[in-house]
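What's in entry.cif: mmCIF, C-alpha atoms and all ligand atoms
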```
data_run
loop_
_atom_site.label_atom_id
_atom_site.label_comp_id
_atom_site.auth_asym_id
_atom_site.auth_seq_id
_atom_site.Cartn_x
_atom_site.Cartn_y
_atom_site.Cartn_z
CA MET P 1 0.00 0.00 0.00
CA THR P 2 1.34 3.43 -0.92
CA ILE P 3 1.20 6.13 1.72
CA GLN P 4 -0.59 9.40 0.96
CA ILE P 5 -1.14 12.48 3.14
CA ILE P 6 -4.23 14.58 2.55
CA SER P 7 -4.79 17.87 4.30
CA GLY P 8 -8.21 19.22 5.15
CA SER P 9 -8.48 23.00 5.26
CA ALA P 10 -8.32 23.23 9.09
CA HIS P 11 -4.52 23.17 9.52
CA PRO P 12 -2.56 23.07 6.24
CA ALA P 13 0.62 24.35 7.93
CA LEU P 14 0.79 21.29 10.21
CA SER P 15 -0.01 18.94 7.29
CA LYS P 16 2.80 20.47 5.20
CA LYS P 17 5.29 20.08 8.06
CA VAL P 18 4.31 16.44 8.60
CA ALA P 19 4.56 15.68 4.86
CA LYS P 20 7.97 17.36 4.76
CA TYR P 21 9.26 15.18 7.61
CA LEU P 22 7.98 12.14 5.70
CA GLY P 23 9.63 13.34 2.50
CA ILE P 24 6.39 13.29 0.49
CA THR P 25 4.11 15.96 -0.94
CA LEU P 26 0.51 16.45 0.09
CA SER P 27 -2.02 14.82 -2.22
CA PRO P 28 -4.05 17.56 -3.89
CA THR P 29 -7.74 18.09 -3.23
CA GLU P 30 -10.37 20.45 -4.56
CA ASN P 31 -12.19 22.09 -1.73
CA LYS P 32 -15.02 24.55 -2.25
CA ARG P 33 -18.38 25.79 -1.06
CA PHE P 34 -21.64 25.69 -2.98
CA ALA P 35 -23.68 28.88 -3.10
CA ASP P 36 -25.86 27.60 -0.25
CA GLY P 37 -22.83 27.00 1.99
CA GLU P 38 -22.57 23.22 1.54
CA THR P 39 -19.04 21.78 1.57
CA TYR P 40 -17.59 20.03 -1.52
CA VAL P 41 -14.33 18.04 -1.51
CA ARG P 42 -12.77 16.05 -4.34
CA ILE P 43 -9.54 14.07 -4.08
CA LYS P 44 -7.51 14.96 -7.14
CA ARG P 45 -5.10 12.01 -7.10
CA LYS P 46 -5.88 8.29 -7.39
CA VAL P 47 -6.10 6.66 -3.97
CA ARG P 48 -7.28 3.15 -4.89
CA GLY P 49 -5.78 0.64 -2.46
CA ASP P 50 -3.61 3.29 -0.77
CA ASP P 51 -2.93 3.99 2.92
CA VAL P 52 -4.30 7.51 3.32
CA PHE P 53 -3.70 9.80 6.31
CA LEU P 54 -6.20 12.63 6.43
CA ILE P 55 -5.04 15.50 8.68
CA GLN P 56 -7.94 17.59 9.92
CA PRO P 57 -8.27 18.86 13.49
CA VAL P 58 -11.90 19.49 14.40
CA CYS P 59 -11.18 23.01 15.65
CA PRO P 60 -12.98 26.32 15.04
CA PRO P 61 -14.93 26.72 12.81
CA VAL P 62 -15.83 23.38 14.39
CA ASN P 63 -18.98 22.55 12.43
CA ASP P 64 -17.41 23.36 9.06
CA ASN P 65 -14.26 21.40 9.85
CA LEU P 66 -16.24 18.41 11.08
CA ILE P 67 -18.42 18.27 7.97
CA GLU P 68 -15.35 18.67 5.76
CA LEU P 69 -13.71 15.77 7.58
CA LEU P 70 -16.78 13.58 7.06
CA VAL P 71 -17.28 14.36 3.37
CA THR P 72 -13.56 13.83 2.70
CA ILE P 73 -13.72 10.41 4.38
CA ASP P 74 -16.76 9.63 2.22
CA ALA P 75 -14.96 10.73 -0.95
CA LEU P 76 -12.02 8.48 -0.03
CA LYS P 77 -14.22 5.50 0.77
CA ARG P 78 -16.04 5.80 -2.54
CA ALA P 79 -12.68 5.93 -4.36
CA ASN P 80 -11.78 2.46 -3.05
CA VAL P 81 -9.00 3.63 -0.80
CA GLY P 82 -7.07 0.92 1.07
CA LYS P 83 -7.19 2.45 4.57
CA ILE P 84 -8.46 5.77 5.92
CA ASN P 85 -6.47 7.04 8.91
CA VAL P 86 -7.95 10.19 10.39
CA VAL P 87 -5.43 12.46 12.09
CA ALA P 88 -7.43 14.85 14.27
CA PRO P 89 -4.88 16.34 16.71
CA TYR P 90 -7.78 18.25 18.26
CA LEU P 91 -11.22 16.68 18.24
CA GLY P 92 -13.99 19.17 18.91
CA TYR P 93 -17.23 18.22 20.68
CA THR P 94 -15.43 15.90 23.08
CA ARG P 95 -16.19 18.06 26.10
CA GLN P 96 -19.85 16.98 25.77
CA ASP P 97 -19.11 13.45 26.95
CA ARG P 98 -22.04 12.78 29.29
CA LYS P 99 -25.50 14.02 30.18
CA VAL P 100 -25.30 16.54 32.99
CA VAL P 101 -29.00 17.45 32.91
CA SER P 102 -31.86 15.61 31.21
CA ARG P 103 -32.51 15.83 27.47
CA GLU P 104 -28.91 16.71 26.53
CA PRO P 105 -26.94 15.04 23.74
CA ILE P 106 -23.69 13.17 24.28
CA SER P 107 -22.08 14.85 21.32
CA ALA P 108 -18.68 13.21 21.82
CA LYS P 109 -20.25 9.80 21.20
CA LEU P 110 -22.22 11.10 18.21
CA VAL P 111 -19.06 12.55 16.63
CA ALA P 112 -17.20 9.26 17.22
CA ASN P 113 -20.08 7.41 15.51
CA LEU P 114 -20.12 9.86 12.60
CA ILE P 115 -16.40 9.45 11.96
CA SER P 116 -16.48 5.66 11.98
CA THR P 117 -19.78 5.44 10.05
CA ALA P 118 -18.34 7.75 7.38
CA GLY P 119 -15.64 5.11 6.84
CA ALA P 120 -12.55 5.90 8.94
CA ASP P 121 -10.45 2.84 9.82
CA ARG P 122 -8.40 4.46 12.55
CA ILE P 123 -8.10 7.79 14.34
CA PHE P 124 -5.16 9.62 15.89
CA CYS P 125 -5.90 12.29 18.53
CA VAL P 126 -4.01 14.34 21.08
CA ASP P 127 -5.29 15.03 24.60
CA LEU P 128 -8.92 14.06 24.25
CA HIS P 129 -10.77 15.93 26.96
CA LYS P 130 -11.05 12.67 28.92
CA ASP P 131 -8.94 9.60 28.15
CA GLN P 132 -11.98 7.31 28.24
CA ILE P 133 -13.41 9.00 25.11
CA GLN P 134 -11.16 6.52 23.29
CA GLY P 135 -13.82 3.95 24.15
CA PHE P 136 -16.51 5.92 22.28
CA PHE P 137 -14.87 4.71 19.06
CA ASP P 138 -15.14 1.16 17.71
CA ILE P 139 -12.07 1.72 15.54
CA PRO P 140 -8.48 1.85 16.85
CA VAL P 141 -7.60 5.15 18.54
CA ASP P 142 -4.01 6.31 18.88
CA HIS P 143 -4.04 8.78 21.72
CA PHE P 144 -1.07 11.05 22.32
CA VAL P 145 -0.58 13.49 25.18
CA GLY P 146 0.83 17.01 25.26
CA TYR P 147 2.55 17.20 28.65
CA PRO P 148 5.82 15.44 27.59
CA PHE P 149 6.45 18.28 25.08
CA PHE P 150 6.03 20.88 27.83
CA ALA P 151 8.10 18.83 30.26
CA ASP P 152 10.95 18.73 27.71
CA TYR P 153 10.71 22.48 27.22
CA PHE P 154 10.99 23.21 30.94
CA LYS P 155 13.67 20.57 31.47
CA ARG P 156 15.90 22.38 28.98
CA GLN P 157 15.45 25.61 30.97
CA LYS P 158 16.77 23.96 34.14
CA ILE P 159 14.37 25.96 36.34
CA LYS P 160 14.81 25.72 40.10
CA ASP P 161 11.87 25.28 42.51
CA LEU P 162 9.37 24.24 39.87
CA VAL P 163 5.82 23.25 40.85
CA ILE P 164 3.27 21.89 38.37
CA ILE P 165 -0.27 23.12 38.91
CA ALA P 166 -3.53 21.42 37.89
CA PRO P 167 -6.14 24.17 37.31
CA ASP P 168 -8.90 21.83 38.55
CA VAL P 169 -9.23 18.42 40.13
CA GLY P 170 -9.81 16.75 36.74
CA ALA P 171 -6.38 17.87 35.58
CA VAL P 172 -4.42 16.41 38.51
CA ASP P 173 -3.51 13.12 36.83
CA LYS P 174 -1.70 14.74 33.89
CA ALA P 175 -0.11 17.39 36.12
CA ARG P 176 1.28 14.59 38.30
CA LYS P 177 2.73 12.81 35.26
CA MET P 178 4.36 16.00 33.99
CA ALA P 179 5.69 16.70 37.49
CA THR P 180 7.16 13.19 37.62
CA LEU P 181 9.04 13.80 34.36
CA LEU P 182 10.46 16.98 35.88
CA SER P 183 10.99 15.60 39.40
CA ALA P 184 8.82 18.45 40.66
CA PRO P 185 5.97 18.56 43.19
CA ILE P 186 2.36 19.32 42.24
CA ALA P 187 -0.36 21.60 43.55
CA PHE P 188 -3.94 22.08 42.38
CA ILE P 189 -6.68 24.67 42.38
CA ASP P 190 -9.76 23.90 44.41
CA LYS P 191 -12.72 25.79 42.93
CA ARG P 192 -15.60 26.53 45.28
CA ARG P 193 -18.71 28.65 44.99
CA SER P 194 -19.27 30.27 48.36
CA ALA P 195 -23.01 30.68 47.67
CA HIS P 196 -25.43 30.77 44.74
CA ASN P 197 -24.74 33.72 42.44
CA LYS P 198 -21.45 34.42 44.21
CA SER P 199 -18.26 34.19 42.23
CA GLU P 200 -15.93 31.20 42.53
CA VAL P 201 -13.33 31.09 45.27
CA LEU P 202 -10.05 29.61 44.10
CA LYS P 203 -7.90 27.98 46.74
CA VAL P 204 -4.43 26.72 45.92
CA VAL P 205 -3.86 23.34 47.53
CA GLY P 206 -0.14 22.61 47.83
CA GLU P 207 3.06 24.58 48.34
CA VAL P 208 3.71 27.34 45.78
CA LYS P 209 5.46 30.03 47.87
CA GLY P 210 8.59 31.32 46.14
CA LYS P 211 8.27 28.73 43.36
CA MET P 212 8.09 28.91 39.59
CA ALA P 213 4.56 27.60 38.95
CA VAL P 214 3.61 25.96 35.66
CA ILE P 215 -0.12 25.46 35.10
CA LEU P 216 -1.05 22.60 32.77
CA ASP P 217 -4.42 22.27 31.02
CA ASP P 218 -5.70 20.51 27.90
CA ILE P 219 -7.68 23.38 26.42
CA ILE P 220 -7.74 27.14 26.59
CA ASP P 221 -11.10 28.21 25.23
CA THR P 222 -12.31 31.51 26.75
CA GLY P 223 -9.19 31.64 28.93
CA GLY P 224 -11.28 32.10 32.09
CA THR P 225 -10.14 28.94 33.92
CA ILE P 226 -6.44 29.33 33.37
CA THR P 227 -6.09 33.08 33.92
CA ALA P 228 -8.02 32.80 37.20
CA ALA P 229 -5.72 29.94 38.19
CA ALA P 230 -2.64 32.03 37.33
CA LYS P 231 -3.90 34.88 39.50
CA ALA P 232 -4.63 32.53 42.41
CA VAL P 233 -1.15 31.01 42.19
CA ILE P 234 0.56 34.41 42.28
CA GLU P 235 -1.67 35.49 45.17
CA GLY P 236 -0.64 32.25 46.86
CA GLY P 237 2.98 33.43 46.80
CA ALA P 238 4.51 31.88 43.63
CA ARG P 239 7.42 33.97 42.32
CA GLU P 240 6.37 33.50 38.69
CA VAL P 241 3.71 31.61 36.76
CA LYS P 242 3.74 30.09 33.28
CA ILE P 243 0.87 28.46 31.44
CA CYS P 244 0.85 25.48 29.11
CA ALA P 245 -2.11 23.97 27.32
CA THR P 246 -2.27 21.56 24.42
CA HIS P 247 -5.10 23.09 22.40
CA ALA P 248 -5.29 26.84 21.67
CA ILE P 249 -8.97 27.32 20.94
CA LEU P 250 -8.81 30.97 22.02
CA SER P 251 -12.45 32.03 21.65
CA GLY P 252 -13.51 35.67 21.96
CA ASP P 253 -11.00 37.80 23.85
CA ALA P 254 -9.01 34.84 25.26
CA ALA P 255 -5.78 35.98 23.58
CA ASP P 256 -5.95 39.38 25.31
CA LYS P 257 -6.92 37.76 28.61
CA LEU P 258 -3.77 35.63 28.42
CA GLN P 259 -1.56 38.57 27.43
CA ASN P 260 -2.92 40.62 30.34
CA SER P 261 -2.79 37.73 32.81
CA ALA P 262 -0.35 37.08 35.64
CA ALA P 263 1.49 34.53 33.46
CA THR P 264 4.85 35.45 31.94
CA GLU P 265 4.69 32.81 29.19
CA VAL P 266 1.91 30.80 27.53
CA LEU P 267 2.82 27.62 25.65
CA PHE P 268 0.66 25.65 23.25
CA LEU P 269 1.15 22.74 20.89
CA ASP P 270 0.33 23.20 17.20
CA THR P 271 -2.71 20.89 17.26
CA ILE P 272 -4.78 23.92 16.26
CA PRO P 273 -3.53 26.85 14.15
CA ILE P 274 -3.35 30.20 15.95
CA ALA P 275 -4.59 32.98 13.67
CA LYS P 276 -2.14 35.90 13.29
CA ASP P 277 -4.55 38.29 14.97
CA LYS P 278 -4.76 35.99 18.02
CA MET P 279 -1.03 35.58 18.49
CA ARG P 280 0.33 37.59 21.43
CA LYS P 281 3.87 38.28 22.70
CA LYS P 282 3.58 35.87 25.64
CA MET P 283 2.47 32.96 23.44
CA LYS P 284 4.66 30.27 21.94
CA GLN P 285 3.66 27.18 19.94
CA LEU P 286 5.70 23.97 20.20
CA SER P 287 5.39 21.72 17.18
CA MET P 288 4.43 18.07 17.39
CA ALA P 289 4.78 17.61 13.61
CA LYS P 290 7.91 15.46 13.92
CA LEU P 291 6.28 13.05 16.37
CA LEU P 292 3.16 12.96 14.19
CA ALA P 293 5.28 12.09 11.15
CA LYS P 294 7.06 9.32 13.10
CA ALA P 295 3.69 7.95 14.26
CA ILE P 296 2.27 8.01 10.71
CA LYS P 297 5.35 6.19 9.38
CA ARG P 298 5.09 3.50 12.05
CA ILE P 299 1.33 3.03 11.54
CA HIS P 300 1.95 2.72 7.80
CA GLN P 301 4.68 0.14 8.40
CA GLY P 302 2.44 -1.78 10.81
CA LYS P 303 4.88 -1.11 13.66
CA SER P 304 3.96 -0.50 17.30
CA LEU P 305 3.71 3.10 18.48
CA GLY P 306 4.91 2.16 21.98
CA LYS P 307 8.51 3.05 21.00
CA LEU P 308 7.40 6.66 20.57
CA PHE P 309 5.99 6.93 24.07
CA THR P 310 9.47 7.31 25.53
CA TRP P 311 8.12 9.23 28.54
CA GLU P 312 6.04 6.21 29.63
CA ASP P 313 9.22 4.34 30.60
CA LYS P 314 10.21 7.21 32.88
CA LEU P 315 6.77 7.12 34.51
CA THR P 316 6.72 3.35 35.04
CA GLN P 317 10.32 3.14 36.31
CA LEU P 318 9.25 5.00 39.44
C1 LIG P 401 -12.04 21.92 31.68
O1 LIG P 401 -12.40 20.82 32.12
C2 LIG P 401 -10.95 22.03 30.68
O2 LIG P 401 -9.85 21.22 31.00
C3 LIG P 401 -10.50 23.45 30.49
O3 LIG P 401 -10.01 23.94 31.73
C4 LIG P 401 -11.60 24.35 30.01
O4 LIG P 401 -12.25 23.77 28.93
C5 LIG P 401 -11.03 25.68 29.61
O5 LIG P 401 -12.07 26.51 29.24
P1 LIG P 401 -11.97 28.09 29.37
O6 LIG P 401 -10.67 28.49 28.74
O7 LIG P 401 -13.17 28.59 28.62
O8 LIG P 401 -12.03 28.44 30.83
#
```
Would you encode the structure as structure tokens?
Amino acid sequence: MTIQIISGSAHPALSKKVAKYLGITLSPTENKRFADGETYVRIKRKVRGDDVFLIQPVCPPVNDNLIELLVTIDALKRANVGKINVVAPYLGYTRQDRKVVSREPISAKLVANLISTAGADRIFCVDLHKDQIQGFFDIPVDHFVGYPFFADYFKRQKIKDLVIIAPDVGAVDKARKMATLLSAPIAFIDKRRSAHNKSEVLKVVGEVKGKMAVILDDIIDTGGTITAAAKAVIEGGAREVKICATHAILSGDAADKLQNSAATEVLFLDTIPIAKDKMRKKMKQLSMAKLLAKAIKRIHQGKSLGKLFTWEDKLTQL
């Protein structure tokens, strides 16, 4: 089976980087809108029997990018492709993973069904909102995490008195893993509402006094959670605070909130493109293109991906 890389329109820069690492060019597509707004995609190169990797994060504009992903899978399936591997470094809708009140959808499950029903054979994602969303799919899921990239970044800076902060209880597990890689302690933010209609009280649980605090989250959407956490950490006595989050959704005025926050640096991965007008001085994007290319190569060769999870050894050795 020949390997081919196809880019959706969500993140062509990442697709180009990945293709470059693999030493191949992107397979061309025609991508347009009908007058009524419907999405049209045509694959312009033969794909019969080939091993196709379709790179399309489901990021804003989420609905457009999701539909484009689905119609591209359909186009591939109808062209007798060998295998369709979806590479969705960010998968939108996964925060809706359960019913909180009655008569709500579980959109994460619906999206998983849509992707496999459309014809995908396998999906690659990074930092799904909850790890167990892997089980919403009946096709193989390769799930990568962002914290080892951030851990590497901070390791190279040889920072003293580091503490890794989980901005809420749900984020503690990943913060602990990142802290283990850096031999640092952890702390977390305990969010409480003192009374109905009263604003949240953020309490830092753990020792942050005089330390360099690094807050780790999966997503920055409106920026509310993380900037409040940064403020609480500084008020708790940290000497400096940095932020890292895998997915830069950056809705509304999130970019300005981050720039004006207590944090001195904000790191993201390139799972989602950051528009020029949303880029701010404090922000930096670390690229995962090389790892993605290595993963694609190994999947294509039928090799295990375990070799790429080098950080797992460090976590299990302890
Ligand atoms: C929450 O469970 C997530 O991990 C993020 O903290 C949250 O989605 C971020 O949203 P926002 O930036 O809008 O506060």
* To do: Could you tell me which of P:Ala293, P:Leu305, P:Leu315, P:Val169 comes closest to ligand LIG 401 (chain P) if we count all atoms listed in the file?
  => P:Val169
* To do: Extract, using only C-alpha atoms, all DNA, RNA and protein residues at most 9 Å from region 182-184 of chain P, discarding same-chain residues fewer than 4 positions from it, and format them as a list in words.
  => Ala151, Asp152, Phe154, Lys155, Asp161, Leu162, Val163, Ile164, Arg176, Lys177 and Met178 of chain P
* Residues within 8 Å of ligand LIG 401 (chain P), counting all atoms listed in the file, as a ChimeraX atom specification -> /P:95,129,167-168,170-171,217-226,250-251,254
* Taking into account all atoms listed in the file, which residue in the set P:Ala120, P:Val52, P:Val241, P:Met288 is nearest to Phe150 (chain P)? ->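 Result for the nearest residue to Phe150 (chain P): P:Met288.
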* Asked: Hey, which of P:Leu76, P:Ile67, P:Pro105, P:Val62 ends up closest to Thr29 (chain P)? Count only C-alpha atoms.
  ->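 Distance minimum relative to Thr29 (chain P) lands on P:Leu76.
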Assuming 4 Å of padding per side, give the centre and edge lengths of the axis-aligned box around every listed atom of region 67-81 of chain P, in Å to one decimal and as JSON.
```
{"center_x": -13.7, "center_y": 10.6, "center_z": 1.8, "size_x": 17.4, "size_y": 24.2, "size_z": 20.3}
```
* **Nearest to Ile249 (chain P) by atom-to-atom distance, counting only C-alpha atoms, from P:Pro61, P:Leu110, P:Ser287, P:Met1** =>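 So, comparing all the options, the nearest one is P:Pro61.
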* Point-to-point distance in Å for CA of Val87 (chain P) and CA of Ile3 (chain P) ->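 Distance reported for this atom pair: 13.8 Å.
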* Minimum-distance residue to Ala245 (chain P), chosen among P:Asp74, P:Glu68, P:Asp127, P:Asp142 (using all atoms listed in the file) ->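 Closest to Ala245 (chain P) of all the choices is P:Asp127.
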* Asked: Distance CA of Lys16 (chain P)-CA of Ile55 (chain P), one decimal place?
  ->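 Atom-to-atom, CA of Lys16 (chain P) and CA of Ile55 (chain P) are spaced 9.9 Å apart.
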* **Pairwise distance for CA of Gly252 (chain P) and CA of Leu216 (chain P), rounded to one decimal in Å** =>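 Calculated distance between CA of Gly252 (chain P) and CA of Leu216 (chain P) is 21.0 Å.
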* Nearest-residue call for Asp313 (chain P), choices P:Gln56, P:Ser7, P:Asn31, P:Thr180, using only C-alpha atoms -> P:Thr180
* Residue contacts of Val145 (chain P) (10 Å, all atoms listed in the file) excluding same-chain residues fewer than 6 positions away, as a ChimeraX atom specification -> /P:89,125-128,131,174,218,246,309
* **Within 12 Å of Lys99 (chain P) using only C-alpha atoms, minus same-chain residues under 5 positions, as number ranges by chain** => P: 104-109
* To do: Skip Asp256 (chain P) itself and residues of its chain fewer than 6 positions away, then list as a ChimeraX atom specification all residues within 12 Å of it, counting all atoms listed in the file.
  => /P:222-224,227,250,262,266,277-283
Output the selection as a PDB file, keeping the file's coordinate frame - C-alpha atoms for each residue.
```pdb
ATOM      1  CA  THR P 222     -12.310  31.510  26.750  1.00  0.00           C
ATOM      2  CA  GLY P 223      -9.190  31.640  28.930  1.00  0.00           C
ATOM      3  CA  GLY P 224     -11.280  32.100  32.090  1.00  0.00           C
ATOM      4  CA  THR P 227      -6.090  33.080  33.920  1.00  0.00           C
ATOM      5  CA  LEU P 250      -8.810  30.970  22.020  1.00  0.00           C
ATOM      6  CA  ALA P 262      -0.350  37.080  35.640  1.00  0.00           C
ATOM      7  CA  VAL P 266       1.910  30.800  27.530  1.00  0.00           C
ATOM      8  CA  ASP P 277      -4.550  38.290  14.970  1.00  0.00           C
ATOM      9  CA  LYS P 278      -4.760  35.990  18.020  1.00  0.00           C
ATOM     10  CA  MET P 279      -1.030  35.580  18.490  1.00  0.00           C
ATOM     11  CA  ARG P 280       0.330  37.590  21.430  1.00  0.00           C
ATOM     12  CA  LYS P 281       3.870  38.280  22.700  1.00  0.00           C
ATOM     13  CA  LYS P 282       3.580  35.870  25.640  1.00  0.00           C
ATOM     14  CA  MET P 283       2.470  32.960  23.440  1.00  0.00           C
TER      15      MET P 283
END
```
* Determine, counting only C-alpha atoms, which protein, DNA and RNA residues have an atom within 12 Å of an atom of region 115-117 of chain P; residues of the same chain fewer than 6 positions away are not included. Present the result as a PyMOL selection string. => chain P and resi 56+58+66-74+77+84-88+91+108-109+123-124+136-141
